[in-house]
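Below is one structure, written out as structure tokens; the observations come after it.
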Protein chains: 2
Amino acid sequence: MTKILIADDNKQITSILEEYSKKEGYETILAYDGIQAMELIKKNNFDIILLDVMMPKMDGFEVVREVRKESDVPVIMITARGEDFERIMGLDIGADDYIVKPFSPQEVMARVRAVLRRLSKETIMQKKSLLQIDNLVIDIEDYVVTIDKNKVMLTKKELELLWTLASSIGKVFTRDNLLNTLWGYDYFGDTRTVDTHVKRLRAKLNEYPHENWDVKTIWAVGYKFEEKKNEE
Amino acid sequence: MTKILIADDNKQITSILEEYSKKEGYETILAYDGIQAMELIKKNNFDIILLDVMMPKMDGFEVVREVRKESDVPVIMITARGEDFERIMGLDIGADDYIVKPFSPQEVMARVRAVLRRLSKETIMQKKSLLQIDNLVIDIEDYVVTIDKNKVMLTKKELELLWTLASSIGKVFTRDNLLNTLWGYDYFGDTRTVDTHVKRLRAKLNEYPHENWDVKTIWAVGYKFEEKKNEE
DNA sequence: TTGTAATGCCATAAATGTGTCACAAAATGA
DNA sequence: TCATTTTGTGACACATTTATGGCATTACAA
């Protein structure tokens, strides 16, 4: 049975996530600050951990750092603002995904499922932080994106954008969603900025052929990463 | 079958490393202090040894010194702080690699594989602690770096920096990563200092041609050692 | 101790990335 | 089809990040 730890000092958040986790069939345990989370982690053997960044006594970053010394449980960080992508995902912290508030519980559960699915595949492969879709490979650790082994030179924002879209294949993101996830919810900028980044990303991706996937526009809604299922 | 000794007084660390080692297919033996480690080393014929520096009864340094009197087993040291690179890697101690806490188990296993791979090539050659990438050779033992047989005069920090980057080809290191690994995690200095050392290192490396590799900047992230795969 | 090399820090220059806008192009629906 | 809405694109200003040279301090060897 999948065992999940939900750590957040906001009880409304933990209780709604608890409800959804139980609906999902997970064994759910709650913590309300970092110290408590650490204690529970030491005693239990969780399959996945949901960690709020801002918690009393010990913040989420510290908790992951502690956890990572000894274990490799998948961790999803919940952050109130657009913290630096690479800080959370990659090099410094080593979380498996991150979610920006405000979020919907469904979204969180989708991420949890995605991480668990991805991880179960990766026990065979060595590398984590590797997202592979058809001939597209996104490697967070090396900060490299390739299409059929061809290196695509993306900037940080472009990589974040691609990673965000591609890690939820098929899901439509509104411009506000993306602004919220990539720039933080307290960012007040032009919505159309997203368009510009999509344009730049597409230009670079189109340097190489990719028949089975694309960044698609959903008219009057937003963008999504689409994978065309092969007709095998 | 590869036989590995894991010596650390923290049982959580040994047990997680044991788990990963077994997953890797190694025969795994554990020790919880230096004396115990020594006894096991005398009785067994290990292929590789993981040694925590801070252990009760006999610290990691002493253990290696003892071991080195009689054997040449590859040793990877685990240190909590940025101990002097040359002390661990160089003439005094003669370890084959070192890892700074906190680490992820994958990272450790990657290092283990790397050391074993390197060593297996070196049985023919006499030298150990030799890192070779295309026309670049880093000799930790003699503290010498050459490009096409041309000696490159690097300072201590420059060598450490190069070695750190080059022994994880492709991996991006943030400035904080490097500060942590090279200066110790308790060092509070200017992040930009890393830039300066990269500058000096590059200047010296560029005295000689190297088409197939370079120290590359990942904008807004950090640095990495990049090897351009030859189109053989 | 003294001289020399190494190191760390800073200011400034250079390089690169990002956000905004105006207008063109495309999609939608009557 | 046309009017309207939405998206795509190129240009440009400006923000951010990195490279560089110089200088002060420290470490080290003679």
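For the structure tokens, the naming scheme is as follows: chains receive sequential letters (A, B, ...) according to their order of presentation, residues are indexed from 1 within each chain, and ligands are indexed from 1 in presentation order.
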Item to complete: List every residue of stretch 11-229 of chain A that DSSP, applied to the backbone, labels as alpha helix (DSSP H), and write the result as a PyMOL selection string.
Response: chain A and resi 11-23+34-43+60-70+85-89+105-122+156-166+175-178+193-205
Residues of chain D within 10 Å of stretch 203-227 of chain A: nearest atom pair and distance (Å, one decimal) for each, counting only C-alpha atoms (C1' of nucleotides), sorted by chain and number, as CSV?
residue,atom,partner,partner_atom,distance
D:DT5,C1',A:Ala220,CA,8.7
D:DT6,C1',A:Ala220,CA,6.4
D:DT7,C1',A:Trp219,CA,8.0
Give me a file of those residues, with C-alpha atoms (C1' of nucleotides), as a PDB file, in the first residue's frame.
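The resulting file, part31.pdb, is shown below:
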ATOM      1  C1'  DT D   5     -10.979  37.848 -30.939  1.00  0.00           C
ATOM      2  C1'  DT D   6      -6.906  35.448 -30.155  1.00  0.00           C
ATOM      3  C1'  DT D   7      -2.301  34.020 -31.290  1.00  0.00           C
TER       4       DT D   7
END
Item to complete: Name all residues at most 9 Å from C:DT7 (count only C-alpha atoms (C1' of nucleotides); drop same-chain ones fewer than 5 positions away) and give them as a PyMOL selection string.
Response: (chain B and resi 157) or (chain D and resi 25-27)
Rows by chain and residue number, chain A within 10 Å of chain C, shortest pair, only C-alpha atoms (C1' of nucleotides), as a tab-separated table:
residue	atom	partner	partner_atom	distance
A:Thr155	CA	C:DG17	C1'	7.5
A:Lys156	CA	C:DG17	C1'	8.8
A:Lys157	CA	C:DG17	C1'	9.0
A:Gly189	CA	C:DG19	C1'	8.0
A:Asp190	CA	C:DT20	C1'	7.6
A:Arg192	CA	C:DT20	C1'	8.7
A:Thr193	CA	C:DG19	C1'	6.3
A:Val194	CA	C:DG19	C1'	9.7
A:Thr196	CA	C:DG19	C1'	8.8
A:His197	CA	C:DT18	C1'	9.0
A:Trp219	CA	C:DA27	C1'	7.9
A:Ala220	CA	C:DA27	C1'	9.7
Discussion item. So that I can check the surroundings of B:Ile147, please list as a count of residues only every protein, DNA and RNA residue that reaches within 7 Å of it, counting only C-alpha atoms (C1' of nucleotides) and ignoring chain neighbours fewer than 3 positions away.
Written reply: 6
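Going from atom CA of A:Ile78 over to atom CA of A:Tyr98, you cover 5.8 Å.
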Got a sec: who's within 10 Å of A:Tyr187, counting only C-alpha atoms (C1' of nucleotides), leaving out chain neighbours fewer than 4 positions off, as a tab-separated table (two decimals) with C-alpha atoms, in the first residue's frame?
chain	number	residue	atom	x	y	z
A	81	ARG	CA	6.19	31.53	-4.96
A	82	GLY	CA	8.14	30.75	-8.09
A	179	LEU	CA	2.79	32.53	-15.28
A	180	ASN	CA	1.98	31.23	-11.84
A	182	LEU	CA	7.16	29.66	-13.84
A	183	TRP	CA	7.17	33.21	-12.58
Item to complete: Once DSSP has gone over the backbone, tell me which residues of chain A are in strand (DSSP E), as a PyMOL selection string.
Response: chain A and resi 3-7+27-31+48-52+75-79+97-100+130-133+136-139+144-147+150-152+172-174+213-218+222-227
Restricted to N, CA and C atoms, what would the selected residues look like written as a compact mmCIF listing (two decimals), in the first residue's frame?
# COMPACT_ATOMS: atom_id res chain seq x y z
N LYS A 3 2.26 4.67 0.86
CA LYS A 3 2.25 5.45 2.09
C LYS A 3 2.72 6.86 1.78
N ILE A 4 1.91 7.84 2.14
CA ILE A 4 2.24 9.22 1.78
C ILE A 4 2.29 10.12 3.01
N LEU A 5 3.30 10.98 3.05
CA LEU A 5 3.38 11.99 4.12
C LEU A 5 3.02 13.34 3.54
N ILE A 6 2.13 14.03 4.23
CA ILE A 6 1.75 15.37 3.79
C ILE A 6 2.15 16.35 4.88
N ALA A 7 3.09 17.23 4.58
CA ALA A 7 3.59 18.16 5.60
C ALA A 7 3.31 19.60 5.18
N GLU A 27 -2.18 5.27 2.18
CA GLU A 27 -2.12 5.40 3.63
C GLU A 27 -1.52 6.77 3.92
N THR A 28 -2.28 7.62 4.62
CA THR A 28 -1.91 9.03 4.71
C THR A 28 -1.50 9.43 6.12
N ILE A 29 -0.36 10.10 6.23
CA ILE A 29 0.09 10.61 7.53
C ILE A 29 0.38 12.09 7.38
N LEU A 30 0.01 12.87 8.43
CA LEU A 30 0.15 14.31 8.33
C LEU A 30 1.20 14.87 9.29
N ALA A 31 1.84 15.95 8.87
CA ALA A 31 2.75 16.68 9.77
C ALA A 31 2.49 18.16 9.60
N ILE A 48 6.16 8.31 -0.80
CA ILE A 48 6.25 9.65 -1.37
C ILE A 48 5.96 10.69 -0.29
N ILE A 49 6.58 11.85 -0.44
CA ILE A 49 6.44 12.90 0.56
C ILE A 49 6.05 14.21 -0.11
N LEU A 50 5.00 14.83 0.44
CA LEU A 50 4.59 16.16 -0.02
C LEU A 50 5.05 17.17 1.01
N LEU A 51 5.87 18.13 0.60
CA LEU A 51 6.49 19.03 1.56
C LEU A 51 6.24 20.49 1.23
N ASP A 52 5.64 21.20 2.15
CA ASP A 52 5.52 22.63 1.98
C ASP A 52 6.89 23.27 2.25
N VAL A 75 10.14 13.19 -3.42
CA VAL A 75 9.63 14.34 -2.68
C VAL A 75 9.04 15.35 -3.66
N ILE A 76 7.84 15.80 -3.35
CA ILE A 76 7.25 16.88 -4.14
C ILE A 76 7.18 18.11 -3.25
N MET A 77 7.77 19.21 -3.68
CA MET A 77 7.77 20.42 -2.89
C MET A 77 6.58 21.30 -3.27
N ILE A 78 6.00 21.91 -2.25
CA ILE A 78 4.93 22.86 -2.49
C ILE A 78 5.45 24.24 -2.12
N THR A 79 5.43 25.15 -3.06
CA THR A 79 6.00 26.45 -2.79
C THR A 79 5.00 27.55 -3.09
N ASP A 97 9.53 16.86 -8.00
CA ASP A 97 8.61 17.73 -8.70
C ASP A 97 8.31 18.89 -7.78
N TYR A 98 7.67 19.91 -8.31
CA TYR A 98 7.23 20.98 -7.44
C TYR A 98 5.93 21.57 -7.94
N ILE A 99 5.17 22.09 -6.98
CA ILE A 99 3.85 22.62 -7.29
C ILE A 99 3.77 24.02 -6.69
N VAL A 100 3.25 24.94 -7.46
CA VAL A 100 3.15 26.31 -6.97
C VAL A 100 1.73 26.58 -6.50
N LEU A 130 15.32 12.64 -15.41
CA LEU A 130 15.39 12.47 -16.85
C LEU A 130 13.98 12.24 -17.36
N LEU A 131 13.54 13.09 -18.25
CA LEU A 131 12.19 12.97 -18.80
C LEU A 131 12.31 12.62 -20.27
N GLN A 132 11.74 11.49 -20.65
CA GLN A 132 11.91 11.03 -22.01
C GLN A 132 10.57 10.81 -22.69
N ILE A 133 10.37 11.46 -23.82
CA ILE A 133 9.13 11.31 -24.58
C ILE A 133 9.50 11.15 -26.03
N LEU A 136 12.44 12.94 -27.67
CA LEU A 136 12.80 14.10 -26.84
C LEU A 136 13.29 13.65 -25.47
N VAL A 137 14.44 14.16 -25.06
CA VAL A 137 14.96 13.85 -23.73
C VAL A 137 15.28 15.14 -22.98
N ILE A 138 14.73 15.27 -21.79
CA ILE A 138 15.03 16.44 -20.96
C ILE A 138 15.81 15.96 -19.75
N ASP A 139 17.03 16.42 -19.64
CA ASP A 139 17.89 16.00 -18.55
C ASP A 139 18.18 17.19 -17.64
N VAL A 144 20.36 19.63 -20.20
CA VAL A 144 20.46 19.44 -21.64
C VAL A 144 19.15 18.87 -22.17
N VAL A 145 18.72 19.40 -23.31
CA VAL A 145 17.56 18.85 -24.00
C VAL A 145 18.02 18.35 -25.36
N THR A 146 17.63 17.13 -25.68
CA THR A 146 18.03 16.60 -26.98
C THR A 146 16.83 16.06 -27.74
N ILE A 147 16.90 16.17 -29.05
CA ILE A 147 15.94 15.54 -29.95
C ILE A 147 16.74 14.62 -30.85
N ASN A 150 20.35 15.16 -30.85
CA ASN A 150 20.79 16.50 -31.22
C ASN A 150 20.54 17.46 -30.06
N LYS A 151 21.55 18.12 -29.65
CA LYS A 151 21.42 19.04 -28.54
C LYS A 151 20.62 20.27 -28.94
N VAL A 152 19.63 20.63 -28.14
CA VAL A 152 18.85 21.84 -28.39
C VAL A 152 19.24 22.86 -27.32
N VAL A 172 -3.79 20.90 -20.42
CA VAL A 172 -3.75 22.27 -20.94
C VAL A 172 -3.41 23.24 -19.82
N PHE A 173 -2.45 24.09 -20.07
CA PHE A 173 -2.10 25.14 -19.13
C PHE A 173 -2.56 26.48 -19.69
N THR A 174 -3.29 27.24 -18.88
CA THR A 174 -3.61 28.59 -19.31
C THR A 174 -2.37 29.45 -19.16
N TRP A 213 5.15 14.45 -31.22
CA TRP A 213 4.77 15.34 -30.11
C TRP A 213 4.96 16.77 -30.56
N ASP A 214 4.31 17.68 -29.84
CA ASP A 214 4.48 19.09 -30.13
C ASP A 214 3.89 19.94 -29.02
N VAL A 215 4.31 21.20 -28.99
CA VAL A 215 3.69 22.18 -28.10
C VAL A 215 2.54 22.79 -28.87
N LYS A 216 1.34 22.50 -28.38
CA LYS A 216 0.17 22.86 -29.17
C LYS A 216 -0.61 24.00 -28.51
N THR A 217 -1.17 24.84 -29.35
CA THR A 217 -2.00 25.94 -28.86
C THR A 217 -3.45 25.47 -28.75
N ILE A 218 -4.07 25.73 -27.61
CA ILE A 218 -5.50 25.47 -27.48
C ILE A 218 -6.18 26.82 -27.54
N GLY A 222 -5.06 28.07 -23.86
CA GLY A 222 -3.65 28.12 -23.49
C GLY A 222 -2.81 27.19 -24.33
N TYR A 223 -1.88 26.49 -23.66
CA TYR A 223 -0.99 25.61 -24.38
C TYR A 223 -0.95 24.24 -23.74
N LYS A 224 -0.56 23.26 -24.52
CA LYS A 224 -0.31 21.96 -23.92
C LYS A 224 0.76 21.22 -24.70
N PHE A 225 1.33 20.23 -24.04
CA PHE A 225 2.27 19.35 -24.71
C PHE A 225 1.47 18.16 -25.20
N GLU A 226 1.50 17.94 -26.49
CA GLU A 226 0.70 16.86 -27.04
C GLU A 226 1.59 15.74 -27.55
N GLU A 227 1.22 14.53 -27.18
CA GLU A 227 1.92 13.37 -27.71
C GLU A 227 0.98 12.62 -28.61
Worksheet, complete the sentence: Of A:Val53, A:Asp186, A:Lys229, A:Asp195, the one sitting nearest chain D when using only C-alpha atoms (C1' of nucleotides) is A:Asp195
Worksheet item: What are the residues of chain B that have an atom within 6 Å of an atom of chain A, counting only C-alpha atoms, as a PyMOL selection string?
Response: chain B and resi 13+102-104+170-172
Discussion item. Could you tell me which residues of chain D sit within 10 Å of chain B when counting only C-alpha atoms (C1' of nucleotides), and give me the result as a ChimeraX atom specification?
Written reply: /D:16-20
Discussion item. Please report the interatomic distance between atom CA of B:Arg118 and atom CA of B:Lys22 in Å with one decimal.
Written reply: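 Atom CA of B:Arg118 sits 20.9 Å away from atom CA of B:Lys22.
Atom CA of B:Pro74 sits 20.5 Å away from atom CA of B:Leu165.
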